[in-house]
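For reference, the structure is listed below as C-alpha cells.
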Amino acid sequence: MTRRRESPTEGAVPGRFAGETAIVTGSTRGIGAGIAERLAAEGANVVVSGRSVEAGEAVAERIAAGGAEGDATFVRADMRDPDDVAALAEAAAERYGSVDVLVNNAGVQTETAADDATLDDWAFVVETDFRAYWLAARAALEHMDRGAIVNVSSNHAYATMPAHFPYNAVKAGINGMTRSLAVDFGPRVRVNTVVPGWVEVERTRDELPEGRLEEVESIHPTGRIGAPADVAGAVSFLASEDASFVTGAALLVDGGRGAVMQDDTLPDYRAREDRE
C-alpha cells in the first residue's frame, strides 16, 4: 500500500502561509482539525471553528503546543446561523487583520433515501453543507484583498450509495458552486474543491466493523483508505501560490476509487499475482 502519513503536519512546507490568516470551518475534529493543523504548521494564523467549544479549544491548544509557525484561536460558530457565519469572518479579520484563506469544511450527513427524507432532513443538510459555504465565502470575501477558498466536497458528488440523500445531491452542488464562485470572485480570489473519498476518522471507524476496514482498503488502488493528512495536503496545495493558475477545479482525493469499475477486481488480481 502507499505510505500513510499519520500526522497532518508531516510534509508541511515551512513558511508557505507566513503572515496569512486561514479560517477552517468544522475544524473541531477529523478532517477539519487536520487541515487546521497543516495550515498552522505552514505559517498561517488559523481560526478553528465549530459548535463545540471544548473540542475547538482543544484543537487550538494542540496547534499551539505543537510548535506551529502560525497562531491558532477558536471561534464558536453554528454554520446554520447566518449571523454566526458573518461573525466568524469578522472575528478572524479583527484578530489577525485580514482573511487570506477560507476552507469550507463543516458538514453533516443523514442516512435517508430520497423517498424517505423529510423537509427537516433537507433543511439540516442544505443549510449546513451548502448554504453555509456560500455565506462563508461571501463573508470572507469582504476581508480578502487576494487569496483562496477551498470547498471540501465528497466523492458522493460523482457516484453514490442508497440512502444518502440529500447529502449526495448537496456534494454535487458544492462542485457547481465552486465553479460559480471562481468565475465571480476572480481574479482576486481563487476557488477550488477538494473531493475526498473514504477517510479514516472517528465516524468512519464506527461504520467499519472488524474485518470491514480491510475489505474496503482492498478495493482501493492505493491499498488503503485516506487519512486527514491526505486531505490536508491537498487543501494546502490548492490554497497556496503553487496553485496560482488553478481555479474552478475539483481535485479528487480518493485513493483511486473513482478509477475502479468493479470492486472485486483489485483483490482478485492481487491474489492471482501473489500465486504466480
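Ligands are numbered from 1 in the order shown, residues from 1 within each chain, and chains are lettered A, B, ... in the order they appear in the C-alpha cells.
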Using only C-alpha atoms, which residues sit within 8 Å of stretch 240-242 of chain A once same-chain residues fewer than 6 positions away are excluded, as a ChimeraX atom specification?
-> /A:16-17,148
Would you mind listing what lies within 8 Å of stretch 54-58 of chain A as a list in words, with only C-alpha atoms counted and same-chain residues fewer than 4 positions away left out?
-> Ser27, Thr28, Arg29, Val48, Ser49, Gly50, Arg62, Thr73, Phe74, Val75 and Arg76 of chain A
For the residues selected in the previous step, produce a file with all heavy atoms as a PDB file, in the first residue's frame.
```
ATOM      1  N   SER A  27     -13.726  22.515  12.134  1.00  0.00           N
ATOM      2  CA  SER A  27     -12.358  22.041  12.378  1.00  0.00           C
ATOM      3  C   SER A  27     -12.115  21.620  13.819  1.00  0.00           C
ATOM      4  O   SER A  27     -10.988  21.641  14.291  1.00  0.00           O
ATOM      5  CB  SER A  27     -11.352  23.121  11.979  1.00  0.00           C
ATOM      6  OG  SER A  27     -11.670  24.375  12.538  1.00  0.00           O
ATOM      7  N   THR A  28     -13.180  21.224  14.517  1.00  0.00           N
ATOM      8  CA  THR A  28     -13.011  20.769  15.901  1.00  0.00           C
ATOM      9  C   THR A  28     -12.593  19.305  15.988  1.00  0.00           C
ATOM     10  O   THR A  28     -12.266  18.818  17.068  1.00  0.00           O
ATOM     11  CB  THR A  28     -14.315  20.967  16.688  1.00  0.00           C
ATOM     12  OG1 THR A  28     -15.377  20.222  16.051  1.00  0.00           O
ATOM     13  CG2 THR A  28     -14.706  22.447  16.750  1.00  0.00           C
ATOM     14  N   ARG A  29     -12.582  18.601  14.846  1.00  0.00           N
ATOM     15  CA  ARG A  29     -12.190  17.194  14.828  1.00  0.00           C
ATOM     16  C   ARG A  29     -11.988  16.744  13.385  1.00  0.00           C
ATOM     17  O   ARG A  29     -12.258  17.493  12.444  1.00  0.00           O
ATOM     18  CB  ARG A  29     -13.268  16.316  15.475  1.00  0.00           C
ATOM     19  CG  ARG A  29     -14.609  16.375  14.774  1.00  0.00           C
ATOM     20  CD  ARG A  29     -15.641  15.485  15.436  1.00  0.00           C
ATOM     21  NE  ARG A  29     -16.908  15.527  14.728  1.00  0.00           N
ATOM     22  CZ  ARG A  29     -17.949  14.776  15.011  1.00  0.00           C
ATOM     23  NH1 ARG A  29     -17.875  13.891  16.010  1.00  0.00           N
ATOM     24  NH2 ARG A  29     -19.074  14.860  14.328  1.00  0.00           N
ATOM     25  N   VAL A  48      -9.863  28.239  14.153  1.00  0.00           N
ATOM     26  CA  VAL A  48     -10.569  26.965  14.285  1.00  0.00           C
ATOM     27  C   VAL A  48     -12.023  27.284  14.596  1.00  0.00           C
ATOM     28  O   VAL A  48     -12.317  28.177  15.396  1.00  0.00           O
ATOM     29  CB  VAL A  48      -9.945  26.125  15.417  1.00  0.00           C
ATOM     30  CG1 VAL A  48     -10.726  24.827  15.628  1.00  0.00           C
ATOM     31  CG2 VAL A  48      -8.477  25.838  15.125  1.00  0.00           C
ATOM     32  N   SER A  49     -12.947  26.564  13.993  1.00  0.00           N
ATOM     33  CA  SER A  49     -14.352  26.896  14.180  1.00  0.00           C
ATOM     34  C   SER A  49     -15.220  25.647  14.229  1.00  0.00           C
ATOM     35  O   SER A  49     -14.925  24.636  13.606  1.00  0.00           O
ATOM     36  CB  SER A  49     -14.831  27.803  13.033  1.00  0.00           C
ATOM     37  OG  SER A  49     -16.191  28.114  13.175  1.00  0.00           O
ATOM     38  N   GLY A  50     -16.304  25.746  14.993  1.00  0.00           N
ATOM     39  CA  GLY A  50     -17.276  24.672  15.122  1.00  0.00           C
ATOM     40  C   GLY A  50     -18.236  24.994  16.238  1.00  0.00           C
ATOM     41  O   GLY A  50     -18.195  26.082  16.824  1.00  0.00           O
ATOM     42  N   ARG A  62      -3.765  22.336  20.928  1.00  0.00           N
ATOM     43  CA  ARG A  62      -2.860  21.325  20.374  1.00  0.00           C
ATOM     44  C   ARG A  62      -1.942  21.946  19.315  1.00  0.00           C
ATOM     45  O   ARG A  62      -0.749  21.622  19.235  1.00  0.00           O
ATOM     46  CB  ARG A  62      -3.661  20.173  19.782  1.00  0.00           C
ATOM     47  CG  ARG A  62      -2.799  19.025  19.281  1.00  0.00           C
ATOM     48  CD  ARG A  62      -3.610  17.777  19.021  1.00  0.00           C
ATOM     49  NE  ARG A  62      -4.474  17.873  17.876  1.00  0.00           N
ATOM     50  CZ  ARG A  62      -5.808  17.826  17.924  1.00  0.00           C
ATOM     51  NH1 ARG A  62      -6.423  17.690  19.086  1.00  0.00           N
ATOM     52  NH2 ARG A  62      -6.542  17.903  16.819  1.00  0.00           N
ATOM     53  N   THR A  73      -6.562  30.204  17.087  1.00  0.00           N
ATOM     54  CA  THR A  73      -7.593  30.618  18.028  1.00  0.00           C
ATOM     55  C   THR A  73      -8.892  29.929  17.648  1.00  0.00           C
ATOM     56  O   THR A  73      -9.066  29.492  16.504  1.00  0.00           O
ATOM     57  CB  THR A  73      -7.777  32.147  18.010  1.00  0.00           C
ATOM     58  OG1 THR A  73      -8.619  32.544  19.102  1.00  0.00           O
ATOM     59  CG2 THR A  73      -8.432  32.610  16.713  1.00  0.00           C
ATOM     60  N   PHE A  74      -9.804  29.822  18.606  1.00  0.00           N
ATOM     61  CA  PHE A  74     -11.091  29.178  18.352  1.00  0.00           C
ATOM     62  C   PHE A  74     -12.199  30.213  18.374  1.00  0.00           C
ATOM     63  O   PHE A  74     -12.254  31.059  19.278  1.00  0.00           O
ATOM     64  CB  PHE A  74     -11.379  28.095  19.385  1.00  0.00           C
ATOM     65  CG  PHE A  74     -12.780  27.544  19.292  1.00  0.00           C
ATOM     66  CD1 PHE A  74     -13.157  26.722  18.250  1.00  0.00           C
ATOM     67  CD2 PHE A  74     -13.742  27.880  20.246  1.00  0.00           C
ATOM     68  CE1 PHE A  74     -14.449  26.236  18.145  1.00  0.00           C
ATOM     69  CE2 PHE A  74     -15.038  27.398  20.160  1.00  0.00           C
ATOM     70  CZ  PHE A  74     -15.392  26.563  19.108  1.00  0.00           C
ATOM     71  N   VAL A  75     -13.082  30.144  17.397  1.00  0.00           N
ATOM     72  CA  VAL A  75     -14.282  30.975  17.361  1.00  0.00           C
ATOM     73  C   VAL A  75     -15.476  30.059  17.163  1.00  0.00           C
ATOM     74  O   VAL A  75     -15.554  29.339  16.162  1.00  0.00           O
ATOM     75  CB  VAL A  75     -14.217  32.011  16.218  1.00  0.00           C
ATOM     76  CG1 VAL A  75     -15.536  32.790  16.146  1.00  0.00           C
ATOM     77  CG2 VAL A  75     -13.043  32.959  16.407  1.00  0.00           C
ATOM     78  N   ARG A  76     -16.389  30.073  18.126  1.00  0.00           N
ATOM     79  CA  ARG A  76     -17.564  29.213  18.011  1.00  0.00           C
ATOM     80  C   ARG A  76     -18.503  29.751  16.937  1.00  0.00           C
ATOM     81  O   ARG A  76     -18.789  30.951  16.873  1.00  0.00           O
ATOM     82  CB  ARG A  76     -18.319  29.123  19.328  1.00  0.00           C
ATOM     83  CG  ARG A  76     -19.460  28.098  19.274  1.00  0.00           C
ATOM     84  CD  ARG A  76     -20.418  28.196  20.426  1.00  0.00           C
ATOM     85  NE  ARG A  76     -21.474  27.201  20.285  1.00  0.00           N
ATOM     86  CZ  ARG A  76     -22.533  27.328  19.487  1.00  0.00           C
ATOM     87  NH1 ARG A  76     -22.678  28.430  18.759  1.00  0.00           N
ATOM     88  NH2 ARG A  76     -23.446  26.369  19.405  1.00  0.00           N
TER      89      ARG A  76
END
```
Quick one: DSSP helix (DSSP H, G or I) residues in stretch 25-269 of chain A, as a ChimeraX atom specification?
-> /A:30-41,53-65,82-96,119-141,155-157,167-185,202-207,212-218,228-239,241-243,257-259,265-269
Report as CSV: every residue of stretch 177-219 of chain A with an atom at most 8 Å from stretch 126-146 of chain A, its closest pair of atoms, and their distance in Å to one decimal, counting only C-alpha atoms, with rows sorted by chain and ascending residue number.
```
residue,atom,partner,partner_atom,distance
A:Met177,CA,A:Trp134,CA,7.8
A:Arg188,CA,A:Arg146,CA,4.9
A:Val189,CA,A:Arg146,CA,5.3
```
Exercise: A:Ile31 partners within 8 Å, only C-alpha atoms, chain neighbours under 6 positions left out, as number ranges by chain = A: 201, 227-229, 231-232
May I have the residues from that selection written out with N, CA and C atoms, as a compact mmCIF listing (two decimals), in the first residue's frame?
```txt
# COMPACT_ATOMS: atom_id res chain seq x y z
N VAL A 201 -11.67 8.56 9.93
CA VAL A 201 -11.93 9.42 11.08
C VAL A 201 -12.83 8.64 12.03
N ALA A 227 -6.35 9.32 5.12
CA ALA A 227 -6.20 9.89 6.45
C ALA A 227 -6.42 11.39 6.34
N PRO A 228 -6.77 12.06 7.44
CA PRO A 228 -6.93 13.52 7.37
C PRO A 228 -5.72 14.21 6.74
N ALA A 229 -4.53 13.66 6.96
CA ALA A 229 -3.32 14.26 6.39
C ALA A 229 -3.38 14.30 4.86
N VAL A 231 -6.03 14.70 2.94
CA VAL A 231 -6.90 15.81 2.53
C VAL A 231 -6.24 17.15 2.86
N ALA A 232 -5.59 17.22 4.02
CA ALA A 232 -4.93 18.46 4.43
C ALA A 232 -3.86 18.88 3.44
```
How many Å separate atom CA of A:Phe237 from atom CA of A:Asn104?
->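 Value for the atom CA of A:Phe237-atom CA of A:Asn104 distance: 15.2 Å.
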Strand (DSSP E) call set, DSSP backbone run, stretch 32-258 of chain A, as a PyMOL selection string = chain A and resi 45-50+72-76+101-104+147-152+189-196+250-253
Hey, what's within 8 Å of A:Ala172 if we count only C-alpha atoms and toss same-chain stuff fewer than 2 positions away? As a ChimeraX atom specification, please?
-> /A:153,156-158,168-170,174-176
Find the residues around A:Val216 up to 12 Å (only C-alpha atoms counted), leave out those fewer than 2 positions away in its own chain, and share them as a ChimeraX atom specification.
-> /A:197-200,204-205,207-214,218-226,255,257,263-264,266-267
Save out the residues we just selected, N, CA, C and O atoms, as a short mmCIF file (atom, residue, chain, number, x, y, z; two decimals), in the first residue's frame.
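Result went into out_12.cif, see below:
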```cif
data_model
loop_
_atom_site.label_atom_id
_atom_site.label_comp_id
_atom_site.auth_asym_id
_atom_site.auth_seq_id
_atom_site.Cartn_x
_atom_site.Cartn_y
_atom_site.Cartn_z
N GLY A 197 -12.49 10.84 -0.73
CA GLY A 197 -13.20 9.57 -0.69
C GLY A 197 -13.22 9.06 0.75
O GLY A 197 -13.39 9.83 1.69
N TRP A 198 -13.03 7.74 0.92
CA TRP A 198 -13.00 7.15 2.25
C TRP A 198 -11.83 7.73 3.05
O TRP A 198 -10.67 7.64 2.63
N VAL A 199 -12.12 8.31 4.20
CA VAL A 199 -11.08 8.84 5.08
C VAL A 199 -11.33 8.29 6.48
O VAL A 199 -12.46 8.32 6.98
N GLU A 200 -10.27 7.80 7.09
CA GLU A 200 -10.41 7.18 8.41
C GLU A 200 -10.47 8.24 9.50
O GLU A 200 -9.46 8.79 9.94
N THR A 204 -15.98 7.16 10.49
CA THR A 204 -15.69 6.08 9.54
C THR A 204 -15.35 4.79 10.28
O THR A 204 -15.79 3.70 9.90
N ARG A 205 -14.53 4.91 11.33
CA ARG A 205 -14.16 3.71 12.08
C ARG A 205 -15.39 3.05 12.70
O ARG A 205 -15.48 1.82 12.75
N GLU A 207 -18.30 3.03 11.41
CA GLU A 207 -19.09 2.43 10.33
C GLU A 207 -18.44 1.18 9.76
O GLU A 207 -19.07 0.45 9.00
N LEU A 208 -17.18 0.94 10.11
CA LEU A 208 -16.46 -0.20 9.56
C LEU A 208 -16.09 -1.17 10.67
O LEU A 208 -15.04 -1.06 11.30
N PRO A 209 -16.95 -2.16 10.95
CA PRO A 209 -16.66 -3.14 12.00
C PRO A 209 -15.46 -3.98 11.63
O PRO A 209 -14.94 -3.92 10.51
N GLU A 210 -15.03 -4.79 12.56
CA GLU A 210 -13.82 -5.61 12.38
C GLU A 210 -13.90 -6.42 11.08
O GLU A 210 -14.88 -7.09 10.81
N GLY A 211 -12.85 -6.33 10.30
CA GLY A 211 -12.79 -7.03 9.02
C GLY A 211 -13.26 -6.20 7.84
O GLY A 211 -12.79 -6.37 6.72
N ARG A 212 -14.18 -5.29 8.09
CA ARG A 212 -14.73 -4.47 7.02
C ARG A 212 -13.71 -3.43 6.54
O ARG A 212 -13.65 -3.12 5.35
N LEU A 213 -12.90 -2.90 7.46
CA LEU A 213 -11.89 -1.92 7.08
C LEU A 213 -10.92 -2.52 6.06
O LEU A 213 -10.61 -1.91 5.04
N GLU A 214 -10.44 -3.74 6.33
CA GLU A 214 -9.52 -4.40 5.42
C GLU A 214 -10.16 -4.63 4.06
O GLU A 214 -9.53 -4.49 3.01
N SER A 218 -8.96 -2.92 0.48
CA SER A 218 -8.53 -3.78 -0.62
C SER A 218 -9.07 -3.34 -1.97
O SER A 218 -8.54 -3.74 -3.01
N ILE A 219 -10.13 -2.55 -1.99
CA ILE A 219 -10.71 -2.11 -3.25
C ILE A 219 -10.20 -0.73 -3.67
O ILE A 219 -10.74 -0.12 -4.60
N HIS A 220 -9.17 -0.25 -2.98
CA HIS A 220 -8.52 1.00 -3.37
C HIS A 220 -7.20 0.69 -4.09
O HIS A 220 -6.41 -0.10 -3.57
N PRO A 221 -6.94 1.30 -5.22
CA PRO A 221 -5.65 1.10 -5.87
C PRO A 221 -4.46 1.44 -4.98
O PRO A 221 -3.38 0.87 -5.14
N THR A 222 -4.63 2.36 -4.05
CA THR A 222 -3.56 2.71 -3.11
C THR A 222 -3.36 1.64 -2.05
O THR A 222 -2.37 1.67 -1.31
N GLY A 223 -4.31 0.71 -1.92
CA GLY A 223 -4.22 -0.33 -0.90
C GLY A 223 -4.62 0.12 0.49
O GLY A 223 -4.47 -0.62 1.46
N ARG A 224 -5.16 1.30 0.60
CA ARG A 224 -5.58 1.82 1.90
C ARG A 224 -6.61 2.92 1.68
O ARG A 224 -6.74 3.45 0.56
N ILE A 225 -7.33 3.25 2.75
CA ILE A 225 -8.20 4.42 2.69
C ILE A 225 -7.40 5.63 3.15
O ILE A 225 -6.24 5.52 3.55
N GLY A 226 -8.00 6.78 3.08
CA GLY A 226 -7.28 8.00 3.37
C GLY A 226 -7.19 8.33 4.84
O GLY A 226 -7.82 7.71 5.69
N GLY A 255 -7.83 7.90 -3.26
CA GLY A 255 -7.05 6.68 -3.33
C GLY A 255 -7.29 5.87 -4.59
O GLY A 255 -7.01 4.66 -4.62
N ARG A 257 -10.25 5.27 -6.02
CA ARG A 257 -11.54 4.58 -6.08
C ARG A 257 -12.34 4.95 -7.32
O ARG A 257 -13.03 4.12 -7.91
N ASP A 263 -15.58 -3.65 -7.99
CA ASP A 263 -14.93 -3.68 -6.68
C ASP A 263 -14.07 -4.91 -6.44
O ASP A 263 -13.06 -4.84 -5.75
N ASP A 264 -14.46 -6.06 -6.97
CA ASP A 264 -13.69 -7.27 -6.66
C ASP A 264 -12.48 -7.44 -7.58
O ASP A 264 -11.69 -8.37 -7.42
N LEU A 266 -9.61 -5.63 -7.98
CA LEU A 266 -8.29 -5.47 -7.39
C LEU A 266 -7.92 -6.61 -6.45
O LEU A 266 -6.82 -7.17 -6.57
N PRO A 267 -8.79 -6.98 -5.48
CA PRO A 267 -8.42 -8.10 -4.61
C PRO A 267 -8.14 -9.38 -5.38
O PRO A 267 -7.17 -10.11 -5.08
#
```
Please provide as a count of residues only all residues within 10 Å of A:Glu20, with the sequence filter that same-chain residues fewer than 2 positions apart are discarded (counting only C-alpha atoms).
-> 20
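Our summary of the geometry notes that atom CA of A:Glu90 is positioned 29.0 Å from atom CA of A:Pro196.
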Correct to one decimal, the distance atom CA of A:Leu181-atom CA of A:Thr193 is 10.9 Å
